[in-house]
$ cat my_file34.cif   # mmCIF, C-alpha atoms
data_input
loop_
_atom_site.group_PDB
_atom_site.id
_atom_site.type_symbol
_atom_site.label_atom_id
_atom_site.label_comp_id
_atom_site.auth_asym_id
_atom_site.auth_seq_id
_atom_site.Cartn_x
_atom_site.Cartn_y
_atom_site.Cartn_z
ATOM 1 C CA MET A 701 -20.396 -126.300 72.067
ATOM 2 C CA GLY A 702 -20.165 -123.574 74.697
ATOM 3 C CA MET A 703 -16.680 -122.733 73.442
ATOM 4 C CA HIS A 704 -18.046 -122.338 69.900
ATOM 5 C CA ILE A 705 -20.800 -119.974 71.000
ATOM 6 C CA ALA A 706 -18.362 -117.911 73.102
ATOM 7 C CA PHE A 707 -15.838 -117.745 70.257
ATOM 8 C CA TRP A 708 -18.352 -116.666 67.630
ATOM 9 C CA VAL A 709 -20.050 -114.073 69.842
ATOM 10 C CA LEU A 710 -16.726 -112.588 71.014
ATOM 11 C CA SER A 711 -15.106 -112.539 67.594
ATOM 12 C CA LEU A 712 -18.157 -110.945 65.955
ATOM 13 C CA LEU A 713 -18.162 -108.375 68.755
ATOM 14 C CA ALA A 714 -14.430 -107.672 68.301
ATOM 15 C CA VAL A 715 -14.655 -107.259 64.522
ATOM 16 C CA ALA A 716 -17.823 -105.158 64.716
ATOM 17 C CA ALA A 717 -16.280 -102.902 67.369
ATOM 18 C CA ALA A 718 -13.097 -102.525 65.304
ATOM 19 C CA VAL A 719 -15.204 -101.493 62.301
ATOM 20 C CA GLY A 720 -17.093 -99.132 64.599
ATOM 21 C CA VAL A 721 -13.862 -97.369 65.582
ATOM 22 C CA ILE A 722 -13.323 -96.477 61.915
ATOM 23 C CA TRP A 723 -16.976 -95.899 61.048
ATOM 24 C CA GLN A 724 -17.927 -93.668 63.962
ATOM 25 C CA LYS A 725 -17.675 -89.943 63.274
ATOM 26 C CA ASN A 726 -17.875 -89.009 66.960
ATOM 27 C CA LEU A 727 -14.411 -89.432 68.505
ATOM 28 C CA PHE A 728 -15.681 -90.185 71.977
ATOM 29 C CA ARG A 729 -17.897 -93.017 70.708
ATOM 30 C CA ALA A 730 -14.945 -94.323 68.678
ATOM 31 C CA VAL A 731 -12.941 -94.690 71.904
ATOM 32 C CA LEU A 732 -15.873 -96.508 73.516
ATOM 33 C CA PHE A 733 -15.907 -98.912 70.547
ATOM 34 C CA LEU A 734 -12.167 -99.446 71.087
ATOM 35 C CA VAL A 735 -12.857 -100.365 74.724
ATOM 36 C CA LEU A 736 -15.525 -102.837 73.560
ATOM 37 C CA CYS A 737 -13.018 -104.349 71.103
ATOM 38 C CA PHE A 738 -10.435 -104.768 73.893
ATOM 39 C CA PHE A 739 -13.056 -106.399 76.144
ATOM 40 C CA ALA A 740 -13.952 -108.880 73.397
ATOM 41 C CA ILE A 741 -10.274 -109.698 72.834
ATOM 42 C CA ALA A 742 -9.828 -110.337 76.565
ATOM 43 C CA GLY A 743 -12.703 -112.818 76.233
ATOM 44 C CA ILE A 744 -10.969 -114.412 73.234
ATOM 45 C CA PHE A 745 -7.872 -114.862 75.429
ATOM 46 C CA VAL A 746 -10.044 -116.641 77.992
ATOM 47 C CA THR A 747 -11.313 -119.046 75.324
ATOM 48 C CA LEU A 748 -7.643 -119.755 74.506
ATOM 49 C CA SER A 749 -7.065 -120.557 78.229
ATOM 50 C CA ALA A 750 -4.667 -117.617 78.678
ATOM 51 C CA ASP A 751 -6.095 -116.288 81.925
ATOM 52 C CA PHE A 752 -3.172 -114.081 82.957
ATOM 53 C CA LEU A 753 -3.125 -112.369 79.554
ATOM 54 C CA ALA A 754 -6.869 -111.717 79.736
ATOM 55 C CA ALA A 755 -6.386 -109.979 83.100
ATOM 56 C CA ALA A 756 -3.373 -108.029 81.772
ATOM 57 C CA GLN A 757 -5.369 -107.006 78.692
ATOM 58 C CA LEU A 758 -8.217 -105.732 80.881
ATOM 59 C CA ILE A 759 -5.944 -103.845 83.276
ATOM 60 C CA ILE A 760 -3.520 -102.319 80.764
ATOM 61 C CA ASN A 761 -5.534 -101.806 77.598
ATOM 62 C CA VAL A 762 -9.043 -101.230 78.932
ATOM 63 C CA GLY A 763 -7.894 -99.547 82.112
ATOM 64 C CA ALA A 764 -4.925 -97.420 81.131
ATOM 65 C CA VAL A 765 -4.674 -97.058 77.345
ATOM 66 C CA ALA A 766 -8.352 -96.231 76.833
ATOM 67 C CA ILE A 767 -8.270 -93.625 79.621
ATOM 68 C CA LEU A 768 -5.189 -92.028 78.004
ATOM 69 C CA MET A 769 -7.024 -91.930 74.655
ATOM 70 C CA ILE A 770 -10.125 -90.341 76.217
ATOM 71 C CA MET A 771 -8.007 -87.752 78.018
ATOM 72 C CA SER A 772 -6.071 -86.817 74.897
ATOM 73 C CA ILE A 773 -9.285 -86.511 72.867
ATOM 74 C CA MET A 774 -10.701 -84.169 75.483
ATOM 75 C CA LEU A 775 -7.453 -82.162 75.635
ATOM 76 C CA THR A 776 -7.178 -81.726 71.864
ATOM 77 C CA ARG A 777 -10.806 -80.553 71.463
ATOM 78 C CA GLU A 778 -11.256 -82.121 68.035
ATOM 79 C CA ILE A 779 -14.660 -83.601 68.892
ATOM 80 C CA THR A 780 -16.413 -80.918 66.856
ATOM 81 C CA SER A 781 -14.567 -81.719 63.626
ATOM 82 C CA GLY A 782 -15.094 -85.464 64.039
ATOM 83 C CA SER A 783 -12.860 -88.106 62.531
ATOM 84 C CA PRO A 784 -12.679 -87.433 58.780
ATOM 85 C CA SER A 785 -11.099 -89.710 56.177
ATOM 86 C CA ASN A 786 -8.610 -88.684 53.527
ATOM 87 C CA ILE A 787 -8.806 -89.347 49.793
ATOM 88 C CA LEU A 788 -7.167 -92.780 50.055
ATOM 89 C CA GLY A 789 -10.401 -94.515 51.167
ATOM 90 C CA LEU A 790 -11.111 -96.895 48.290
ATOM 91 C CA PRO A 791 -7.494 -97.807 47.334
ATOM 92 C CA ALA A 792 -6.646 -98.485 50.998
ATOM 93 C CA LEU A 793 -9.757 -100.648 51.352
ATOM 94 C CA ALA A 794 -8.818 -102.604 48.218
ATOM 95 C CA VAL A 795 -5.217 -103.186 49.323
ATOM 96 C CA THR A 796 -6.120 -104.268 52.855
ATOM 97 C CA GLY A 797 -8.916 -106.458 51.501
ATOM 98 C CA ILE A 798 -6.434 -108.253 49.231
ATOM 99 C CA LEU A 799 -4.014 -108.568 52.185
ATOM 100 C CA ALA A 800 -6.741 -110.049 54.413
ATOM 101 C CA ALA A 801 -7.794 -112.498 51.680
ATOM 102 C CA ALA A 802 -4.166 -113.572 51.171
ATOM 103 C CA ILE A 803 -3.555 -114.121 54.904
ATOM 104 C CA ILE A 804 -6.805 -116.044 55.312
ATOM 105 C CA MET A 805 -6.103 -118.217 52.241
ATOM 106 C CA VAL A 806 -2.538 -119.033 53.329
ATOM 107 C CA SER A 807 -3.401 -119.721 56.958
ATOM 108 C CA SER A 808 -6.338 -121.977 56.130
ATOM 109 C CA SER A 809 -4.486 -123.967 53.451
ATOM 110 C CA THR A 810 -1.426 -124.644 55.637
ATOM 111 C CA SER A 811 -1.464 -127.948 57.528
ATOM 112 C CA TRP A 812 -0.338 -126.912 61.000
ATOM 113 C CA LEU A 813 1.469 -129.337 63.299
ATOM 114 C CA LEU A 814 -1.087 -129.221 66.093
ATOM 115 C CA SER A 815 -0.095 -130.469 69.524
ATOM 116 C CA PRO A 816 -2.498 -132.997 71.067
ATOM 117 C CA SER A 817 -1.741 -132.117 74.706
ATOM 118 C CA SER A 818 -4.161 -129.979 76.663
ATOM 119 C CA PRO A 819 -2.976 -126.500 77.771
ATOM 120 C CA VAL A 820 -1.594 -125.453 81.149
ATOM 121 C CA GLU A 821 -4.552 -124.852 83.446
ATOM 122 C CA SER A 822 -3.386 -121.821 85.449
ATOM 123 C CA THR A 823 -0.870 -119.899 83.381
ATOM 124 C CA THR A 824 0.235 -117.327 85.976
ATOM 125 C CA GLY A 825 2.670 -119.562 87.840
ATOM 126 C CA ALA A 826 4.022 -121.167 84.680
ATOM 127 C CA LEU A 827 4.595 -117.758 83.056
ATOM 128 C CA ALA A 828 6.397 -116.499 86.160
ATOM 129 C CA THR A 829 8.652 -119.560 86.152
ATOM 130 C CA ILE A 830 9.643 -118.975 82.533
ATOM 131 C CA LEU A 831 9.996 -115.194 82.926
ATOM 132 C CA PHE A 832 12.113 -115.093 86.070
ATOM 133 C CA ASN A 833 14.417 -118.115 85.872
ATOM 134 C CA ASN A 834 18.020 -117.529 84.988
ATOM 135 C CA GLU A 835 18.221 -118.891 81.442
ATOM 136 C CA GLY A 836 14.850 -117.418 80.501
ATOM 137 C CA PHE A 837 13.590 -113.939 79.892
ATOM 138 C CA ILE A 838 14.955 -112.129 82.966
ATOM 139 C CA PHE A 839 17.123 -109.821 80.820
ATOM 140 C CA LEU A 840 14.151 -108.911 78.641
ATOM 141 C CA ILE A 841 12.052 -108.140 81.724
ATOM 142 C CA GLN A 842 14.749 -105.736 82.927
ATOM 143 C CA LEU A 843 14.898 -104.216 79.438
ATOM 144 C CA ALA A 844 11.122 -103.738 79.504
ATOM 145 C CA ALA A 845 11.375 -101.950 82.841
ATOM 146 C CA LEU A 846 14.030 -99.662 81.345
ATOM 147 C CA LEU A 847 11.762 -99.029 78.337
ATOM 148 C CA VAL A 848 8.883 -97.991 80.580
ATOM 149 C CA LEU A 849 11.187 -95.661 82.555
ATOM 150 C CA VAL A 850 12.462 -94.047 79.328
ATOM 151 C CA THR A 851 8.841 -93.671 78.178
ATOM 152 C CA ILE A 852 7.853 -91.836 81.353
ATOM 153 C CA ILE A 853 10.855 -89.493 81.106
ATOM 154 C CA GLY A 854 10.219 -88.936 77.398
ATOM 155 C CA ALA A 855 6.564 -88.061 77.924
ATOM 156 C CA ILE A 856 7.471 -85.598 80.687
ATOM 157 C CA VAL A 857 10.186 -83.964 78.552
ATOM 158 C CA LEU A 858 7.883 -83.708 75.514
ATOM 159 C CA LEU A 859 5.116 -82.008 77.467
ATOM 160 C CA LYS A 860 7.258 -79.750 79.652
ATOM 161 C CA GLU A 861 6.217 -76.102 79.507
ATOM 162 C CA GLU A 862 8.779 -74.001 77.710
ATOM 163 C CA LYS A 863 10.143 -71.126 79.709
ATOM 164 C CA MET B 1009 -13.378 -125.999 70.449
ATOM 165 C CA PRO B 1010 -12.800 -123.661 67.468
ATOM 166 C CA GLY B 1011 -9.670 -124.518 65.494
ATOM 167 C CA LEU B 1012 -6.454 -122.596 64.946
ATOM 168 C CA GLU B 1013 -7.693 -121.365 61.554
ATOM 169 C CA HIS B 1014 -10.656 -119.590 63.149
ATOM 170 C CA TYR B 1015 -8.383 -117.603 65.432
ATOM 171 C CA LEU B 1016 -5.971 -116.805 62.590
ATOM 172 C CA ILE B 1017 -8.838 -115.518 60.428
ATOM 173 C CA LEU B 1018 -10.056 -113.348 63.313
ATOM 174 C CA SER B 1019 -6.515 -112.036 63.776
ATOM 175 C CA ALA B 1020 -6.147 -111.259 60.055
ATOM 176 C CA LEU B 1021 -9.477 -109.419 60.021
ATOM 177 C CA LEU B 1022 -8.579 -107.302 63.057
ATOM 178 C CA PHE B 1023 -5.135 -106.511 61.623
ATOM 179 C CA CYS B 1024 -6.529 -105.444 58.252
ATOM 180 C CA ILE B 1025 -9.330 -103.346 59.775
ATOM 181 C CA GLY B 1026 -6.736 -101.560 61.901
ATOM 182 C CA LEU B 1027 -4.460 -101.093 58.895
ATOM 183 C CA THR B 1028 -7.322 -99.576 56.870
ATOM 184 C CA GLY B 1029 -8.068 -97.122 59.656
ATOM 185 C CA ALA B 1030 -4.412 -96.214 60.129
ATOM 186 C CA ILE B 1031 -4.133 -95.418 56.402
ATOM 187 C CA ILE B 1032 -7.375 -93.537 55.787
ATOM 188 C CA LYS B 1033 -7.927 -91.569 59.005
ATOM 189 C CA ARG B 1034 -6.824 -87.956 59.372
ATOM 190 C CA ASN B 1035 -7.105 -87.511 63.134
ATOM 191 C CA ALA B 1036 -3.822 -88.538 64.789
ATOM 192 C CA VAL B 1037 -5.544 -89.960 67.899
ATOM 193 C CA VAL B 1038 -7.738 -92.206 65.730
ATOM 194 C CA ILE B 1039 -4.619 -93.404 63.885
ATOM 195 C CA LEU B 1040 -3.104 -94.435 67.238
ATOM 196 C CA MET B 1041 -6.339 -96.251 68.115
ATOM 197 C CA CYS B 1042 -6.197 -98.169 64.823
ATOM 198 C CA ILE B 1043 -2.570 -99.155 65.507
ATOM 199 C CA GLU B 1044 -3.755 -100.524 68.860
ATOM 200 C CA ILE B 1045 -6.330 -102.655 67.003
ATOM 201 C CA MET B 1046 -3.573 -104.002 64.736
ATOM 202 C CA LEU B 1047 -1.463 -104.958 67.759
ATOM 203 C CA ALA B 1048 -4.462 -106.651 69.363
ATOM 204 C CA GLY B 1049 -4.917 -108.727 66.202
ATOM 205 C CA VAL B 1050 -1.280 -109.811 66.356
ATOM 206 C CA ASN B 1051 -1.747 -110.729 70.029
ATOM 207 C CA VAL B 1052 -4.673 -112.996 69.131
ATOM 208 C CA ALA B 1053 -2.487 -114.821 66.576
ATOM 209 C CA MET B 1054 0.364 -115.192 69.096
ATOM 210 C CA VAL B 1055 -1.850 -116.642 71.827
ATOM 211 C CA ALA B 1056 -3.594 -118.938 69.330
ATOM 212 C CA PHE B 1057 -0.254 -120.360 68.120
ATOM 213 C CA SER B 1058 0.838 -120.775 71.743
ATOM 214 C CA ARG B 1059 -2.393 -122.612 72.607
ATOM 215 C CA PHE B 1060 -2.555 -124.947 69.597
ATOM 216 C CA ILE B 1061 1.081 -125.662 68.675
ATOM 217 C CA THR B 1062 3.141 -125.385 71.895
ATOM 218 C CA PRO B 1063 0.545 -125.526 74.695
ATOM 219 C CA LEU B 1064 3.067 -126.487 77.393
ATOM 220 C CA GLN B 1065 5.844 -123.948 76.676
ATOM 221 C CA LEU B 1066 3.852 -120.665 76.680
ATOM 222 C CA GLY B 1067 6.321 -118.895 74.348
ATOM 223 C CA GLY B 1068 3.594 -117.049 72.458
ATOM 224 C CA GLN B 1069 2.051 -115.764 75.661
ATOM 225 C CA LEU B 1070 5.433 -114.358 76.733
ATOM 226 C CA PHE B 1071 5.763 -112.527 73.424
ATOM 227 C CA THR B 1072 2.245 -111.186 73.946
ATOM 228 C CA ILE B 1073 3.253 -109.782 77.342
ATOM 229 C CA PHE B 1074 6.131 -107.910 75.710
ATOM 230 C CA ILE B 1075 3.882 -106.693 72.879
ATOM 231 C CA ILE B 1076 1.446 -105.297 75.464
ATOM 232 C CA ILE B 1077 4.297 -103.521 77.305
ATOM 233 C CA VAL B 1078 5.691 -101.986 74.112
ATOM 234 C CA ALA B 1079 2.202 -100.993 72.944
ATOM 235 C CA ALA B 1080 1.521 -99.187 76.219
ATOM 236 C CA ALA B 1081 4.838 -97.330 75.964
ATOM 237 C CA GLU B 1082 4.089 -96.468 72.340
ATOM 238 C CA VAL B 1083 0.675 -95.057 73.202
ATOM 239 C CA ALA B 1084 2.111 -92.923 76.018
ATOM 240 C CA ILE B 1085 4.820 -91.437 73.794
ATOM 241 C CA GLY B 1086 2.478 -91.063 70.817
ATOM 242 C CA LEU B 1087 -0.130 -89.180 72.801
ATOM 243 C CA ALA B 1088 2.570 -86.968 74.326
ATOM 244 C CA ILE B 1089 3.781 -86.120 70.798
ATOM 245 C CA ILE B 1090 0.194 -85.420 69.691
ATOM 246 C CA LEU B 1091 -0.430 -83.124 72.661
ATOM 247 C CA ALA B 1092 2.853 -81.266 72.049
ATOM 248 C CA LEU B 1093 1.841 -80.894 68.383
ATOM 249 C CA TYR B 1094 -1.586 -79.600 69.379
ATOM 250 C CA ARG B 1095 -0.032 -77.102 71.742
ATOM 251 C CA LYS B 1096 2.175 -75.769 68.950
ATOM 252 C CA ARG B 1097 -0.193 -75.953 65.949
ATOM 253 C CA GLN B 1098 -3.719 -76.056 67.433
ATOM 254 C CA THR B 1099 -4.589 -79.102 65.296
ATOM 255 C CA VAL B 1100 -4.075 -82.872 65.226
ATOM 256 C CA ASP B 1101 -5.159 -83.250 61.598
ATOM 257 C CA THR B 1102 -2.433 -85.120 59.712
ATOM 258 C CA GLU B 1103 -3.252 -83.289 56.467
ATOM 259 C CA LYS B 1104 -2.401 -79.974 58.105
ATOM 260 C CA THR B 1105 0.732 -81.176 59.889
ATOM 261 C CA ASP B 1106 2.707 -82.487 56.926
ATOM 262 C CA PHE B 1107 5.745 -80.241 57.398
ATOM 263 C CA LEU B 1108 8.033 -83.305 57.420
ATOM 264 C CA LYS B 1109 6.784 -84.226 53.935
ATOM 265 C CA TRP B 1110 9.311 -83.545 51.216
#
$ encode --input "my_file34.cif" --output "structure tokens"
Amino acid sequence: MGMHIAFWVLSLLAVAAAVGVIWQKNLFRAVLFLVLCFFAIAGIFVTLSADFLAAAQLIINVGAVAILMIMSIMLTREITSGSPSNILGLPALAVTGILAAAIIMVSSSTSWLLSPSSPVESTTGALATILFNNEGFIFLIQLAALLVLVTIIGAIVLLKEEK
Amino acid sequence: MPGLEHYLILSALLFCIGLTGAIIKRNAVVILMCIEIMLAGVNVAMVAFSRFITPLQLGGQLFTIFIIIVAAAEVAIGLAIILALYRKRQTVDTEKTDFLKW
């Protein structure tokens, strides 16, 4: 019962905040709605017993990505002109509505092979075991580190002052 | 406990809301924000599959970790491109920066 209440409250919050990001004309308030959406999704992760991912979501998305967005909105000074839409409004809404209806219909009519076992209680240790053992994802972790390094260098090169 | 279908419907709604915003918005920063919402919707689907179908193997949660890493890198590069564009053109409106359009 408590799970149901948490799920419905968090998912309504997430969807409403996502709509708010599009609806809101003020860019700064749109970013705050995005932060609210990320918070609600971290809560959804908790209801799915993915505690490490909820913490990672809070630290990376709420902590870092939202701050980057706020900083870039302040640096580009487009708050006065707001967040206008282009002429594609109604066709885009129709297409994405059909897409959402199709996904919902397919996913609710499929009979999934659900597993009866209960989930791992504390996922941090289990995730570390899978990530860092030899036949697991250790190569991908190193690749991710390389990707982050390339990103940092790329951002610096893109924003370097031209002489 | 809500079922797998509930989480998949939530994920589809988030993905489609983000897609709508990414198509109809003209401010480049808002487009990046909508792409973040789409990725968050995908993450919800991944973790839901991991929880309900393979609860002991955690494969979906690993993919979610990599999606979060790539999304953070994408936002950093995207915002750097937007700031470089603003420095050059004094605007981040995608209707006014269509010089790559044929």
$ residues_around --input "my_file34.cif" --residues "region 826-839 of chain A" --least-positions-apart "4" --cutoff "10 Å" --atoms "all atoms listed in the file" --output "PyMOL selection string"
(chain A and resi 752+820-822+843-845) or (chain B and resi 1064-1067+1069-1070+1073)
$ atom_distance --input "my_file34.cif" --atom1 "CA of Val1052 (chain B)" --atom2 "CA of Trp723 (chain A)"
22.6 Å
$ closest_residue --input "my_file34.cif" --among "B:Leu1022, B:Cys1042, B:Ala1084, B:Ile1032" --to "Ile741 (chain A)" --atoms "all atoms listed in the file"
B:Leu1022
$ axis_aligned_box --input "my_file34.cif" --around "region 753-762 of chain A" --padding-each-side "8 Å" --output "JSON"
{"center_x": -6.1, "center_y": -106.8, "center_z": 80.4, "size_x": 21.9, "size_y": 27.1, "size_z": 21.7}
$ closest_residue --input "my_file34.cif" --among "A:Ala754, A:Ala802, A:Ala855, A:Val735" --to "chain B" --atoms "only C-alpha atoms"
A:Ala855
$ closest_residue --input "my_file34.cif" --among "A:Thr824, A:Thr851, A:Thr796, A:Asn786" --to "Leu753 (chain A)" --atoms "only C-alpha atoms"
A:Thr824
$ closest_residue --input "my_file34.cif" --among "B:Asn1035, B:Ser1019, B:Ser1058, B:Thr1105" --to "chain A" --atoms "only C-alpha atoms"
B:Asn1035
$ resolve_selection --input "my_file34.cif" --expression "the PyMOL selection byres ((chain A) within 7 of (chain B))" --output "PyMOL selection string"
chain A and resi 703-704+711+715+718-719+722+748+765+772+776+783-786+788-789+792-793+796+800+803-804+807-808+813-815+817-820+848+851+854-855+858-859
$ atom_distance --input "my_file34.cif" --atom1 "CA of Ala1053 (chain B)" --atom2 "CA of Ala794 (chain A)"
22.9 Å
$ atom_distance --input "my_file34.cif" --atom1 "CA of Ala742 (chain A)" --atom2 "CA of Phe1071 (chain B)"
16.1 Å
$ residues_around --input "my_file34.cif" --residues "Phe733 (chain A)" --least-positions-apart "5" --cutoff "10 Å" --atoms "all atoms listed in the file" --output "PDB file with C-alpha atoms, in the coordinates of the input"
ATOM      1  CA  LEU A 713     -18.162-108.375  68.755  1.00  0.00           C
ATOM      2  CA  ALA A 714     -14.430-107.672  68.301  1.00  0.00           C
ATOM      3  CA  ALA A 716     -17.823-105.158  64.716  1.00  0.00           C
ATOM      4  CA  ALA A 717     -16.280-102.902  67.369  1.00  0.00           C
ATOM      5  CA  ALA A 718     -13.097-102.525  65.304  1.00  0.00           C
ATOM      6  CA  VAL A 719     -15.204-101.493  62.301  1.00  0.00           C
ATOM      7  CA  GLY A 720     -17.093 -99.132  64.599  1.00  0.00           C
ATOM      8  CA  VAL A 721     -13.862 -97.369  65.582  1.00  0.00           C
ATOM      9  CA  ILE A 722     -13.323 -96.477  61.915  1.00  0.00           C
ATOM     10  CA  GLN A 724     -17.927 -93.668  63.962  1.00  0.00           C
ATOM     11  CA  LEU A 727     -14.411 -89.432  68.505  1.00  0.00           C
ATOM     12  CA  PHE A 728     -15.681 -90.185  71.977  1.00  0.00           C
ATOM     13  CA  PHE A 738     -10.435-104.768  73.893  1.00  0.00           C
ATOM     14  CA  PHE A 739     -13.056-106.399  76.144  1.00  0.00           C
TER      15      PHE A 739
END
